[in-house]
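So this block is final-v1.txt, compact mmCIF, C-alpha atoms:
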```
# COMPACT_ATOMS: atom_id res chain seq x y z
CA MET P 1 -9.57 -29.24 35.91
CA ALA P 2 -8.17 -26.54 38.20
CA LYS P 3 -4.73 -28.07 37.75
CA ASP P 4 -5.18 -27.94 33.97
CA ILE P 5 -5.89 -24.27 34.14
CA VAL P 6 -2.88 -23.65 36.35
CA ASN P 7 -0.65 -25.52 33.92
CA ALA P 8 -2.12 -23.54 31.11
CA TRP P 9 -0.66 -20.33 32.52
CA GLU P 10 2.78 -21.78 31.94
CA ASP P 11 2.10 -22.18 28.24
CA GLY P 12 0.72 -19.10 26.51
CA ARG P 13 -0.85 -21.02 23.67
CA LYS P 14 -2.76 -23.39 25.94
CA LEU P 15 -3.81 -20.50 28.12
CA PHE P 16 -5.26 -18.50 25.27
CA ALA P 17 -6.81 -21.60 23.72
CA ARG P 18 -8.82 -22.09 26.88
CA ALA P 19 -9.67 -18.41 27.01
CA ALA P 20 -10.84 -18.58 23.39
CA GLY P 21 -14.07 -19.95 24.80
CA LEU P 22 -15.08 -16.39 25.60
CA ASN P 23 -18.08 -15.99 23.33
CA PRO P 24 -20.48 -13.14 22.77
CA ASP P 25 -23.95 -13.52 24.17
CA ARG P 26 -26.17 -15.14 21.51
CA ASP P 27 -28.91 -12.50 21.63
CA ARG P 28 -26.47 -9.62 21.59
CA LYS P 29 -24.66 -11.19 18.66
CA ARG P 30 -27.92 -11.67 16.78
CA GLU P 31 -28.82 -8.02 17.37
CA ALA P 32 -25.39 -6.91 16.16
CA LEU P 33 -25.66 -9.05 13.02
CA VAL P 34 -29.10 -7.62 12.22
CA CYS P 35 -27.74 -4.11 12.59
CA LEU P 36 -24.71 -4.89 10.44
CA GLY P 37 -26.99 -6.56 7.90
CA GLU P 38 -28.85 -3.25 7.58
CA ALA P 39 -25.55 -1.46 7.01
CA VAL P 40 -24.69 -4.01 4.31
CA ALA P 41 -28.07 -3.49 2.64
CA GLU P 42 -27.56 0.27 2.59
CA LYS P 43 -24.02 -0.02 1.26
CA ARG P 44 -23.46 1.15 -2.30
CA LEU P 45 -20.45 -0.60 -3.73
CA ARG P 46 -18.15 1.48 -5.90
CA TYR P 47 -15.89 -0.38 -8.27
CA THR P 48 -12.25 0.53 -7.70
CA PRO P 49 -9.90 -1.32 -10.05
CA PRO P 50 -6.54 -2.48 -8.69
CA PHE P 51 -3.33 -0.77 -9.81
CA THR P 52 -2.54 -3.46 -12.41
CA GLU P 53 -5.90 -2.86 -14.02
CA PHE P 54 -5.28 0.91 -14.04
CA LEU P 55 -2.04 0.17 -15.83
CA ARG P 56 -3.73 -2.12 -18.32
CA ILE P 57 -6.41 0.50 -19.06
CA GLN P 58 -3.78 3.20 -19.51
CA LEU P 59 -1.78 1.00 -21.88
CA GLN P 60 -4.93 0.29 -23.83
CA TYR P 61 -5.71 3.99 -24.35
CA ILE P 62 -2.23 5.15 -25.28
CA PRO P 63 -2.52 6.16 -28.96
CA LEU P 64 -1.29 3.73 -31.58
CA PHE P 65 0.85 6.45 -33.15
CA PHE P 66 2.91 6.66 -29.96
CA TRP P 67 3.60 2.92 -29.93
CA ALA P 68 4.45 2.94 -33.63
CA ALA P 69 6.82 5.90 -33.34
CA GLN P 70 8.44 4.55 -30.20
CA GLY P 71 8.84 1.10 -31.76
CA PHE P 72 10.28 2.56 -34.93
CA LEU P 73 12.82 4.60 -32.98
CA VAL P 74 13.88 1.71 -30.75
CA LEU P 75 14.15 -0.62 -33.71
CA GLY P 76 16.17 1.96 -35.67
CA VAL P 77 18.64 2.41 -32.81
CA PHE P 78 19.04 -1.34 -32.34
CA LEU P 79 19.61 -1.83 -36.07
CA PHE P 80 22.22 0.92 -36.06
CA PHE P 81 23.99 -0.55 -33.03
CA TRP P 82 23.80 -4.06 -34.42
CA ARG P 83 25.36 -2.89 -37.71
CA PHE P 84 28.31 -1.23 -35.95
CA SER P 85 28.67 -3.77 -33.17
CA GLY P 86 31.79 -5.92 -33.13
CA ARG P 87 33.75 -4.32 -35.97
CA GLY P 88 35.92 -1.70 -34.37
CA ALA P 89 32.93 -0.06 -32.73
CA ASP P 90 33.21 3.71 -32.76
CA PHE P 91 32.27 5.34 -29.46
CA TRP P 92 31.35 8.63 -31.15
CA ALA P 93 29.02 7.02 -33.64
CA TYR P 94 27.27 5.18 -30.84
CA LEU P 95 27.10 8.29 -28.70
CA ARG P 96 25.68 10.44 -31.48
CA CYS P 97 23.00 7.92 -32.26
CA GLY P 98 22.21 7.32 -28.58
CA SER P 99 22.01 11.06 -27.76
CA VAL P 100 19.70 11.83 -30.67
CA ALA P 101 17.50 8.85 -29.73
CA ALA P 102 17.43 10.06 -26.10
CA THR P 103 16.15 13.52 -27.13
CA TRP P 104 13.51 12.02 -29.43
CA LEU P 105 12.29 9.66 -26.75
CA GLY P 106 11.58 12.69 -24.54
CA VAL P 107 9.77 14.45 -27.38
CA LEU P 108 7.62 11.40 -28.16
CA CYS P 109 6.69 10.91 -24.54
CA HIS P 110 5.59 14.53 -24.12
CA GLY P 111 3.84 14.55 -27.45
CA MET P 112 1.56 11.89 -26.03
CA LEU P 113 1.26 13.47 -22.59
CA GLY P 114 0.60 16.90 -24.11
CA ARG P 115 -2.76 15.67 -25.39
CA HIS P 116 -4.04 15.93 -21.83
CA PHE P 117 -3.42 19.67 -21.88
CA PHE P 118 -5.53 20.48 -24.92
CA SER P 119 -8.32 22.92 -24.24
CA GLY P 120 -11.47 21.12 -23.26
CA MET P 121 -9.75 17.85 -22.37
CA SER P 122 -10.33 18.39 -18.70
CA GLU P 123 -14.09 18.82 -19.11
CA LEU P 124 -14.22 15.78 -21.36
CA GLU P 125 -12.23 13.62 -18.98
CA GLN P 126 -14.06 14.77 -15.88
CA SER P 127 -17.42 14.11 -17.53
CA CYS P 128 -16.19 10.60 -18.35
CA TYR P 129 -15.24 10.09 -14.69
CA ILE P 130 -11.55 9.83 -15.51
CA ASN P 131 -9.04 11.18 -13.03
CA LEU P 132 -6.89 13.40 -15.24
CA SER P 133 -3.97 13.87 -12.86
CA GLN P 134 -3.85 10.17 -12.02
CA MET P 135 -3.91 9.30 -15.70
CA TRP P 136 -1.17 11.77 -16.48
CA ILE P 137 1.09 10.54 -13.68
CA ILE P 138 0.62 6.88 -14.65
CA ARG P 139 1.41 7.61 -18.28
CA MET P 140 4.37 9.76 -17.30
CA LEU P 141 5.78 6.94 -15.15
CA LEU P 142 5.12 4.37 -17.82
CA CYS P 143 6.76 6.32 -20.68
CA ASN P 144 9.75 7.56 -18.74
CA GLY P 145 10.23 4.12 -17.17
CA MET P 146 10.30 2.49 -20.61
CA ASP P 147 12.63 5.17 -21.98
CA ILE P 148 15.09 4.84 -19.09
CA LEU P 149 15.04 1.07 -19.50
CA PHE P 150 15.83 1.44 -23.19
CA LEU P 151 18.62 3.96 -22.50
CA THR P 152 20.09 1.59 -19.90
CA VAL P 153 20.16 -1.20 -22.46
CA ILE P 154 21.89 0.89 -25.11
CA GLY P 155 24.16 2.44 -22.47
CA GLY P 156 25.23 -1.07 -21.44
CA TRP P 157 25.76 -1.96 -25.08
CA ILE P 158 28.00 1.08 -25.70
CA ALA P 159 29.93 0.47 -22.48
CA ALA P 160 30.53 -3.17 -23.35
CA ASP P 161 31.55 -2.51 -26.97
CA THR P 162 33.83 0.48 -26.35
CA GLU P 163 35.16 -0.44 -22.90
CA THR P 164 33.92 2.85 -21.48
CA PRO P 165 32.61 2.92 -17.87
CA ALA P 166 28.85 2.32 -17.92
CA GLY P 167 28.23 5.18 -15.43
CA CYS P 168 29.85 7.71 -17.78
CA VAL P 169 27.90 6.46 -20.81
CA MET P 170 24.61 6.60 -18.87
CA THR P 171 25.36 10.17 -17.77
CA TYR P 172 26.09 11.23 -21.37
CA LEU P 173 22.80 9.64 -22.53
CA LEU P 174 20.64 10.82 -19.65
CA VAL P 175 21.64 14.49 -19.95
CA PRO P 176 20.05 14.97 -23.43
CA PHE P 177 17.09 12.83 -22.36
CA VAL P 178 16.28 14.85 -19.22
CA LEU P 179 17.00 18.20 -20.92
CA SER P 180 14.67 17.22 -23.73
CA ASP P 181 12.02 16.28 -21.15
CA VAL P 182 12.39 19.68 -19.47
CA CYS P 183 12.08 21.60 -22.74
CA CYS P 184 9.16 19.52 -24.01
CA LEU P 185 7.18 19.84 -20.79
CA LEU P 186 7.74 23.58 -20.91
CA ALA P 187 6.52 23.70 -24.53
CA VAL P 188 3.48 21.56 -23.75
CA ASN P 189 2.66 23.78 -20.80
CA MET P 190 2.88 26.92 -22.84
CA SER P 191 0.74 25.82 -25.73
CA ARG P 192 -2.60 24.25 -24.96
CA SER P 193 -3.78 23.64 -28.49
CA GLY P 194 -3.08 21.10 -31.19
CA LYS P 195 -0.32 23.48 -32.31
CA ASN P 196 1.98 22.17 -29.62
CA ARG P 197 2.68 19.28 -31.99
CA PHE P 198 4.56 21.69 -34.24
CA ALA P 199 6.44 23.11 -31.27
CA LEU P 200 7.44 19.59 -30.28
CA ALA P 201 8.53 18.72 -33.82
CA ALA P 202 10.69 21.86 -33.92
CA LEU P 203 12.10 20.93 -30.53
CA ALA P 204 12.91 17.43 -31.74
CA VAL P 205 14.96 18.85 -34.60
CA ALA P 206 16.65 21.47 -32.41
CA MET P 207 17.49 19.05 -29.59
CA ALA P 208 18.89 16.49 -32.03
CA LEU P 209 21.09 19.17 -33.64
CA ILE P 210 22.36 20.33 -30.24
CA ALA P 211 23.12 16.72 -29.25
CA LEU P 212 25.01 16.20 -32.53
CA CYS P 213 26.96 19.44 -32.03
CA PHE P 214 27.95 18.40 -28.52
CA SER P 215 29.08 14.95 -29.60
CA ALA P 216 31.26 16.57 -32.28
CA VAL P 217 33.45 18.12 -29.57
CA PRO P 218 35.34 15.19 -27.99
CA GLU P 219 36.94 17.45 -25.35
CA LEU P 220 33.54 17.80 -23.69
CA TYR P 221 33.60 14.07 -22.97
CA ASP P 222 36.97 14.06 -21.20
CA ALA P 223 37.07 12.50 -17.77
CA ALA P 224 37.81 15.95 -16.32
CA CYS P 225 34.45 17.26 -17.58
CA LEU P 226 32.42 14.41 -16.13
CA TRP P 227 31.50 16.32 -12.99
CA VAL P 228 30.02 19.09 -15.21
CA TRP P 229 27.84 16.48 -16.93
CA ILE P 230 26.75 15.12 -13.55
CA ALA P 231 25.95 18.62 -12.30
CA VAL P 232 23.89 19.34 -15.43
CA LEU P 233 22.07 16.02 -15.04
CA VAL P 234 21.23 16.61 -11.38
CA THR P 235 20.08 20.19 -12.03
CA ALA P 236 17.96 19.15 -15.02
CA ALA P 237 16.42 16.28 -13.02
CA LEU P 238 15.54 18.67 -10.18
CA VAL P 239 13.99 21.17 -12.60
CA PHE P 240 12.03 18.35 -14.24
CA ALA P 241 10.77 17.10 -10.86
CA TRP P 242 9.70 20.64 -9.97
CA GLN P 243 7.91 20.98 -13.35
CA ILE P 244 6.04 17.70 -12.79
CA ARG P 245 5.01 18.76 -9.29
CA SER P 246 3.83 22.16 -10.47
CA CYS P 247 1.94 20.61 -13.43
CA TYR P 248 0.29 18.08 -11.13
CA TYR P 249 -0.98 20.76 -8.77
CA LYS P 250 -2.15 22.92 -11.66
CA MET P 251 -4.09 19.92 -12.95
CA ILE P 252 -5.61 19.20 -9.57
CA ARG P 253 -6.81 22.78 -9.35
CA GLY P 254 -7.88 22.51 -12.97
CA ASP P 255 -7.84 26.27 -13.42
CA ILE P 256 -4.70 26.99 -15.42
CA ILE P 257 -3.81 24.13 -17.68
CA CYS P 258 -6.92 22.38 -18.73
CA LEU P 259 -10.08 24.43 -18.48
CA ASN P 260 -11.20 26.77 -21.23
CA MET C 1 -15.49 -20.12 -1.50
CA ASP C 2 -12.28 -18.66 -0.07
CA GLU C 3 -11.66 -15.13 1.17
CA ARG C 4 -10.17 -13.88 -2.09
CA GLN C 5 -13.18 -15.09 -4.04
CA TRP C 6 -15.44 -13.39 -1.50
CA ILE C 7 -13.63 -10.12 -1.92
CA ARG C 8 -13.67 -10.44 -5.72
CA ALA C 9 -17.40 -11.13 -5.60
CA ILE C 10 -17.94 -8.10 -3.34
CA ARG C 11 -15.98 -5.92 -5.78
CA ARG C 12 -18.31 -7.16 -8.51
CA GLY C 13 -21.19 -5.88 -6.40
CA GLU C 14 -22.38 -9.07 -4.68
CA LYS C 15 -23.06 -7.63 -1.27
CA GLN C 16 -24.32 -10.80 0.38
CA TYR C 17 -20.74 -11.96 0.89
CA LEU C 18 -20.15 -9.05 3.25
CA GLN C 19 -22.66 -10.65 5.60
CA ASP C 20 -20.86 -14.00 5.34
CA ILE C 21 -17.56 -12.38 6.27
CA ILE C 22 -19.15 -10.65 9.25
CA GLU C 23 -20.69 -13.89 10.50
CA LYS C 24 -17.43 -15.76 10.06
CA TYR C 25 -15.26 -13.30 11.96
CA TYR C 26 -17.63 -11.73 14.48
CA ASP C 27 -16.59 -13.97 17.38
CA ASP C 28 -12.86 -13.52 16.71
CA ILE C 29 -13.14 -9.76 16.62
CA PHE C 30 -15.39 -9.69 19.68
CA ARG C 31 -12.87 -11.81 21.61
CA PHE C 32 -9.97 -9.63 20.53
CA CYS C 33 -11.78 -6.47 21.62
CA ALA C 34 -12.89 -8.06 24.90
CA PHE C 35 -9.35 -9.05 25.83
CA TRP C 36 -7.95 -5.76 24.58
CA THR C 37 -10.32 -3.53 26.50
CA GLY C 38 -11.05 -5.89 29.37
CA SER C 39 -14.73 -5.12 28.95
CA ARG C 40 -17.40 -7.23 27.27
CA GLU C 41 -19.71 -4.25 26.95
CA ASP C 42 -17.08 -2.24 25.08
CA ALA C 43 -16.22 -5.30 23.01
CA TYR C 44 -19.77 -5.44 21.59
CA ASP C 45 -19.54 -1.80 20.53
CA LEU C 46 -16.01 -2.07 19.17
CA ALA C 47 -16.73 -5.27 17.23
CA GLN C 48 -19.74 -3.58 15.66
CA GLU C 49 -17.73 -0.49 14.84
CA THR C 50 -14.98 -2.63 13.30
CA PHE C 51 -17.41 -4.23 10.88
CA LEU C 52 -19.11 -0.93 10.09
CA LYS C 53 -15.70 0.50 9.15
CA PHE C 54 -14.96 -2.60 7.09
CA ILE C 55 -18.27 -2.22 5.22
CA ARG C 56 -17.62 1.48 4.64
CA TYR C 57 -14.12 1.00 3.22
CA VAL C 58 -14.39 -2.47 1.70
CA GLU C 59 -13.56 -1.13 -1.77
CA ASN C 60 -10.13 -0.07 -0.53
CA TYR C 61 -9.30 -3.50 0.86
CA ARG C 62 -5.96 -4.61 -0.61
CA SER C 63 -4.56 -6.71 2.23
CA HIS C 64 -3.48 -10.35 1.88
CA SER C 65 -5.26 -11.57 4.99
CA LEU C 66 -8.85 -10.61 5.62
CA LYS C 67 -8.69 -11.56 9.29
CA GLY C 68 -5.47 -9.55 9.66
CA TYR C 69 -7.19 -6.55 8.05
CA LEU C 70 -10.18 -6.80 10.39
CA LEU C 71 -7.89 -7.20 13.39
CA THR C 72 -5.97 -4.09 12.33
CA ILE C 73 -9.19 -2.09 12.22
CA ALA C 74 -10.18 -3.52 15.63
CA MET C 75 -6.74 -2.75 17.06
CA ASN C 76 -6.90 0.87 15.91
CA LEU C 77 -10.40 1.26 17.30
CA CYS C 78 -9.31 -0.24 20.62
CA ARG C 79 -6.38 2.18 20.77
CA ASP C 80 -8.70 5.12 20.09
CA HIS C 81 -11.06 3.77 22.71
CA MET C 82 -8.24 3.66 25.23
CA THR C 83 -7.26 7.25 24.60
CA ARG C 84 -10.88 8.31 25.01
CA ASN C 85 -11.38 6.56 28.30
CA ASN C 86 -9.56 6.13 31.51
CA ARG C 87 -8.68 2.56 30.77
CA ARG C 88 -7.87 1.13 34.16
CA ARG C 89 -10.74 2.66 36.09
CA GLN C 90 -13.25 1.62 33.51
CA TYR C 91 -11.77 -1.81 33.26
CA GLU C 92 -11.86 -2.50 36.95
CA SER C 93 -15.45 -1.35 37.24
CA SER C 94 -16.40 -3.57 34.34
CA MET C 95 -14.65 -6.52 35.93
CA GLU C 96 -16.52 -5.99 39.15
CA GLU C 97 -19.71 -5.72 37.20
CA MET C 98 -18.89 -8.93 35.36
CA GLU C 99 -18.09 -10.82 38.52
CA GLU C 100 -21.26 -9.63 40.14
CA LYS C 101 -23.38 -10.80 37.25
CA GLY C 102 -21.78 -14.24 37.26
CA ILE C 103 -20.36 -14.48 33.80
CA ALA C 104 -19.95 -18.23 33.65
CA GLU C 105 -23.30 -18.99 32.09
CA GLU C 106 -23.26 -16.34 29.41
CA THR C 107 -19.56 -16.28 28.61
CA PHE C 108 -19.29 -19.91 27.76
CA ALA C 109 -22.77 -20.32 26.43
CA GLY C 110 -23.10 -23.14 23.95
CA ARG C 111 -20.21 -25.23 25.26
CA GLU C 112 -20.79 -28.73 26.53
CA GLU C 113 -19.27 -28.40 29.99
CA THR C 114 -20.40 -28.91 33.54
CA PRO C 115 -21.28 -25.74 35.46
CA GLU C 116 -18.10 -26.27 37.50
CA GLU C 117 -15.92 -26.40 34.39
CA ALA C 118 -17.68 -23.41 32.90
CA ALA C 119 -17.12 -21.45 36.10
CA LEU C 120 -13.42 -22.32 36.13
CA GLU C 121 -12.96 -21.35 32.51
CA ALA C 122 -14.85 -18.15 33.11
CA GLU C 123 -12.54 -17.43 36.00
CA LEU C 124 -9.55 -18.07 33.78
CA SER C 125 -10.86 -15.73 31.11
CA GLY C 126 -11.77 -13.09 33.67
CA ARG C 127 -8.32 -13.19 35.21
CA LEU C 128 -6.65 -13.20 31.83
CA MET C 129 -8.66 -10.16 30.77
CA ARG C 130 -7.74 -8.35 33.95
CA GLU C 131 -4.05 -9.18 33.74
CA LEU C 132 -3.90 -8.33 30.04
CA SER C 133 -5.44 -4.93 30.66
CA ARG C 134 -2.57 -4.16 33.03
CA LEU C 135 0.05 -4.77 30.35
CA PRO C 136 1.29 -2.01 28.03
CA CYS C 137 -0.93 -2.04 24.96
CA GLU C 138 1.91 -3.07 22.58
CA GLN C 139 2.61 -6.20 24.65
CA ARG C 140 -1.09 -6.95 25.01
CA GLU C 141 -1.63 -6.71 21.25
CA ALA C 142 1.38 -8.91 20.56
CA LEU C 143 0.11 -11.58 22.98
CA LEU C 144 -3.41 -11.49 21.59
CA PHE C 145 -2.26 -11.72 17.96
CA HIS C 146 0.25 -14.45 18.73
CA TYR C 147 -1.61 -16.68 21.14
CA LEU C 148 -5.29 -15.91 20.67
CA HIS C 149 -5.20 -15.57 16.89
CA ASP C 150 -2.25 -17.87 16.27
CA MET C 151 -0.38 -15.38 14.11
CA LYS C 152 3.33 -15.58 13.29
CA TYR C 153 5.76 -12.88 14.47
CA ARG C 154 6.24 -11.81 10.85
CA GLU C 155 2.51 -11.33 10.32
CA ILE C 156 2.16 -9.36 13.56
CA ALA C 157 5.13 -7.22 12.52
CA ARG C 158 3.35 -6.40 9.25
CA LEU C 159 0.14 -5.44 11.06
CA THR C 160 1.74 -3.35 13.78
CA GLY C 161 4.54 -1.84 11.68
CA VAL C 162 7.43 -2.91 13.92
CA PRO C 163 10.25 -5.42 13.27
CA ALA C 164 9.55 -9.10 13.96
CA ALA C 165 12.29 -9.14 16.63
CA THR C 166 10.43 -6.41 18.52
CA VAL C 167 7.21 -8.42 18.34
CA LYS C 168 9.03 -11.47 19.67
CA SER C 169 10.43 -9.56 22.61
CA ARG C 170 7.01 -7.99 23.32
CA VAL C 171 5.43 -11.44 23.42
CA ARG C 172 8.17 -12.77 25.71
CA GLN C 173 8.04 -9.77 28.07
CA GLY C 174 4.24 -9.77 28.11
CA MET C 175 4.07 -13.45 28.95
CA GLU C 176 6.67 -13.02 31.67
CA LYS C 177 4.66 -10.21 33.25
CA LEU C 178 1.48 -12.25 33.05
CA ARG C 179 3.11 -15.16 34.89
CA LYS C 180 4.58 -12.91 37.57
CA SER C 181 1.33 -11.11 38.25
CA LEU C 182 -0.56 -14.39 38.52
CA LYS C 183 1.99 -15.84 40.90
CA LYS C 184 1.64 -12.71 42.99
CA GLU C 185 -2.08 -13.39 43.26
CA ASP C 186 -1.30 -16.95 44.34
CA PHE C 187 -3.44 -18.21 41.56
CA LEU C 188 -0.72 -20.57 40.47
CA ASP C 189 -0.70 -22.32 43.80
CA GLY C 190 -3.90 -23.93 42.65
```

Is it possible to give me this structure as structure tokens?
Amino acid sequence: MAKDIVNAWEDGRKLFARAAGLNPDRDRKREALVCLGEAVAEKRLRYTPPFTEFLRIQLQYIPLFFWAAQGFLVLGVFLFFWRFSGRGADFWAYLRCGSVAATWLGVLCHGMLGRHFFSGMSELEQSCYINLSQMWIIRMLLCNGMDILFLTVIGGWIAADTETPAGCVMTYLLVPFVLSDVCCLLAVNMSRSGKNRFALAALAVAMALIALCFSAVPELYDAACLWVWIAVLVTAALVFAWQIRSCYYKMIRGDIICLN
Amino acid sequence: MDERQWIRAIRRGEKQYLQDIIEKYYDDIFRFCAFWTGSREDAYDLAQETFLKFIRYVENYRSHSLKGYLLTIAMNLCRDHMTRNNRRRQYESSMEEMEEKGIAEETFAGREETPEEAALEAELSGRLMRELSRLPCEQREALLFHYLHDMKYREIARLTGVPAATVKSRVRQGMEKLRKSLKKEDFLDG
């Protein structure tokens, strides 16, 4: 037996397997279990859904109008691209369509998110035990994630059909998208009533016109100007990130955006 | 019923499964705390505290392995315990206390062994506890997770937040130190 133990030191697993016989005293264990049993009895279990369920709930409560408008837009763009695809595809036609779609995607997304900023929404949501900021962030991630995915697909399509570098095409599409996001979030922030729908509709028209004007000047899309596009994109993305952060904190405080 | 079903049932509000989990893992957690701290007395308190924390935060449980989650709580509590106390002094006094009381009967209670075998195993455990307590806590944790709880390097790495290669080297160095210190005590001469 003593020899067994000595040998056990040479092999960690055997050593610890023998030591695993270290058991708590039965009475002390019983006492501990009784005490823990009391803690279990006093415990009030709160239901906290996992992230996937949060996502499912958020998807469920996103208004039907948003899905319909988004679907219509995506379908329209794909139909347009499909029609022009393969027969001497024109880069400018693609770019115009893609840029306008990018601005409208931003408008649609913020049209839906802006509903959280209506007067009285905060009280309503808090009384329904909904975490407003969490909801807003999840929806923001969901919408922008879907939009960026869609822009990547059409960016890839344009790049493949016109033999333009995919990075350049993505930059040209992301600039109107992020700028539209910045403007829409600003508009939504400024108007906390149902009227912000009109502001967003006006913005949609204005942003689309600006995108069309830009795409009518081919010189702006020269390789030499690419760094300007990248600079605009980075700046706009930083401004947008700052806006989201500031909105989030305003919502957490609940004193500026939401409350009457 | 497996662990995932237990946790799902708990999330649905069936509290009785909490008690089942505690009963299933109490001995493992007690043993971990005893070897970590080198004190049975502290191990009772720390095991209890581990389960109280688990009960308090059970809704936030998202881990893959329930035992790994409980061991992480126990490890953090043991680390806090060490910072609160002068580890070595307390350990040595507890060892003396344990040796005086004659731990063989109570430590291995319930096992079908002769008193001589029980005494030898108790001696082994006592020495192991003492030698472990002299190791740096990272090496001690790695040894306990790997050998006592039969966990893979990758799992230990996930729990402790260090690369698996670091865990492997901690286990190797820890084991080496254990062997050296036991040879120094002439225990290996049998």

Could you check which of P:Ala93, P:Ala68, P:Cys184, P:Ile252 is closest to P:Met207, using only C-alpha atoms?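 Going through P:Ala93, P:Ala68, P:Cys184, P:Ile252 one by one, the smallest distance to P:Met207 is for P:Cys184.
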
Among the residues P:Leu55, P:Ile158, P:Ala199, P:Phe214, the one that comes closest to P:Leu141 [using all atoms listed in the file]: P:Leu55

Write out as a VMD selection string which residues come within 10 Å of C:Ile10 when counting only C-alpha atoms, dropping same-chain ones fewer than 6 positions away. (chain P and resid 45 to 47) or (chain C and resid 4 16 to 18 58 to 59)

Box time for stretch 175-192 of chain P: axis-aligned, enclosing all its listed atoms, 5 Å extra on each side; report centre and edge lengths in Å to one decimal, as lines of an AutoDock Vina configuration file.
```
center_x = 9.5
center_y = 19.9
center_z = -22.5
size_x = 34.2
size_y = 24.1
size_z = 16.5
```

Set the distance at 12 Å and use only C-alpha atoms: which residues neighbour P:Ala216 once local chain neighbours fewer than 4 positions away are removed? I'd like the list as number ranges by chain. P: 91-93, 95-97, 99, 209-212, 220-221

Minimum-distance residue to P:Leu75, chosen among P:Leu33, P:Ile154, P:Ile148, P:Val228 (using only C-alpha atoms):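 Smallest distance to P:Leu75 is found for P:Ile154.
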
Measure the distance from atom CA of P:Gly145 to atom CA of P:Ile230 in Å and round it to one decimal.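 Value for the atom CA of P:Gly145-atom CA of P:Ile230 distance: 20.2 Å.
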
What does the distance from atom CA of P:Ala237 to atom CA of P:Val205 come to in Å, to one decimal?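 Atom CA of P:Val205 lies at a distance of 21.8 Å from atom CA of P:Ala237.
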
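As for atom CA of C:Ala142 and atom CA of C:Arg31, they are spaced 14.6 Å apart.
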
Taking (0.4, -13.6, 17.1) in the coordinates of the supplied file, I want to know which residues reach to within 12 Å of it, counting only C-alpha atoms; could you give the answer as a PyMOL selection string? (chain P and resi 12-13+16) or (chain C and resi 32+68+71+138-160+164+167-168+170-172)

Your completed stretch 134-147 of chain P with N, CA and C atoms, as a PDB file, in the coordinates of the input:
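Final output, saved to selection11.pdb:
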```pdb
ATOM      1  N   GLN P 134      -4.286  11.560 -12.226  1.00  0.00           N
ATOM      2  CA  GLN P 134      -3.850  10.170 -12.020  1.00  0.00           C
ATOM      3  C   GLN P 134      -3.397   9.542 -13.350  1.00  0.00           C
ATOM      4  N   MET P 135      -4.183   9.823 -14.372  1.00  0.00           N
ATOM      5  CA  MET P 135      -3.910   9.300 -15.700  1.00  0.00           C
ATOM      6  C   MET P 135      -2.567   9.819 -16.212  1.00  0.00           C
ATOM      7  N   TRP P 136      -2.377  11.105 -16.005  1.00  0.00           N
ATOM      8  CA  TRP P 136      -1.170  11.770 -16.480  1.00  0.00           C
ATOM      9  C   TRP P 136       0.062  11.207 -15.779  1.00  0.00           C
ATOM     10  N   ILE P 137      -0.047  11.048 -14.466  1.00  0.00           N
ATOM     11  CA  ILE P 137       1.090  10.540 -13.680  1.00  0.00           C
ATOM     12  C   ILE P 137       1.409   9.093 -14.104  1.00  0.00           C
ATOM     13  N   ILE P 138       0.378   8.270 -14.268  1.00  0.00           N
ATOM     14  CA  ILE P 138       0.620   6.880 -14.650  1.00  0.00           C
ATOM     15  C   ILE P 138       1.305   6.815 -16.020  1.00  0.00           C
ATOM     16  N   ARG P 139       0.810   7.620 -16.936  1.00  0.00           N
ATOM     17  CA  ARG P 139       1.410   7.610 -18.280  1.00  0.00           C
ATOM     18  C   ARG P 139       2.844   8.144 -18.250  1.00  0.00           C
ATOM     19  N   MET P 140       3.039   9.165 -17.448  1.00  0.00           N
ATOM     20  CA  MET P 140       4.370   9.760 -17.300  1.00  0.00           C
ATOM     21  C   MET P 140       5.350   8.700 -16.772  1.00  0.00           C
ATOM     22  N   LEU P 141       4.926   7.979 -15.730  1.00  0.00           N
ATOM     23  CA  LEU P 141       5.780   6.940 -15.150  1.00  0.00           C
ATOM     24  C   LEU P 141       6.066   5.825 -16.163  1.00  0.00           C
ATOM     25  N   LEU P 142       5.016   5.454 -16.851  1.00  0.00           N
ATOM     26  CA  LEU P 142       5.120   4.370 -17.820  1.00  0.00           C
ATOM     27  C   LEU P 142       6.101   4.718 -18.938  1.00  0.00           C
ATOM     28  N   CYS P 143       5.929   5.920 -19.545  1.00  0.00           N
ATOM     29  CA  CYS P 143       6.760   6.320 -20.680  1.00  0.00           C
ATOM     30  C   CYS P 143       8.203   6.509 -20.240  1.00  0.00           C
ATOM     31  N   ASN P 144       8.380   7.294 -19.155  1.00  0.00           N
ATOM     32  CA  ASN P 144       9.750   7.560 -18.740  1.00  0.00           C
ATOM     33  C   ASN P 144      10.432   6.293 -18.254  1.00  0.00           C
ATOM     34  N   GLY P 145       9.671   5.403 -17.613  1.00  0.00           N
ATOM     35  CA  GLY P 145      10.230   4.120 -17.170  1.00  0.00           C
ATOM     36  C   GLY P 145      10.734   3.317 -18.355  1.00  0.00           C
ATOM     37  N   MET P 146       9.907   3.243 -19.403  1.00  0.00           N
ATOM     38  CA  MET P 146      10.300   2.490 -20.610  1.00  0.00           C
ATOM     39  C   MET P 146      11.524   3.121 -21.259  1.00  0.00           C
ATOM     40  N   ASP P 147      11.513   4.473 -21.334  1.00  0.00           N
ATOM     41  CA  ASP P 147      12.630   5.170 -21.980  1.00  0.00           C
ATOM     42  C   ASP P 147      13.932   4.933 -21.218  1.00  0.00           C
TER      43      ASP P 147
END
```
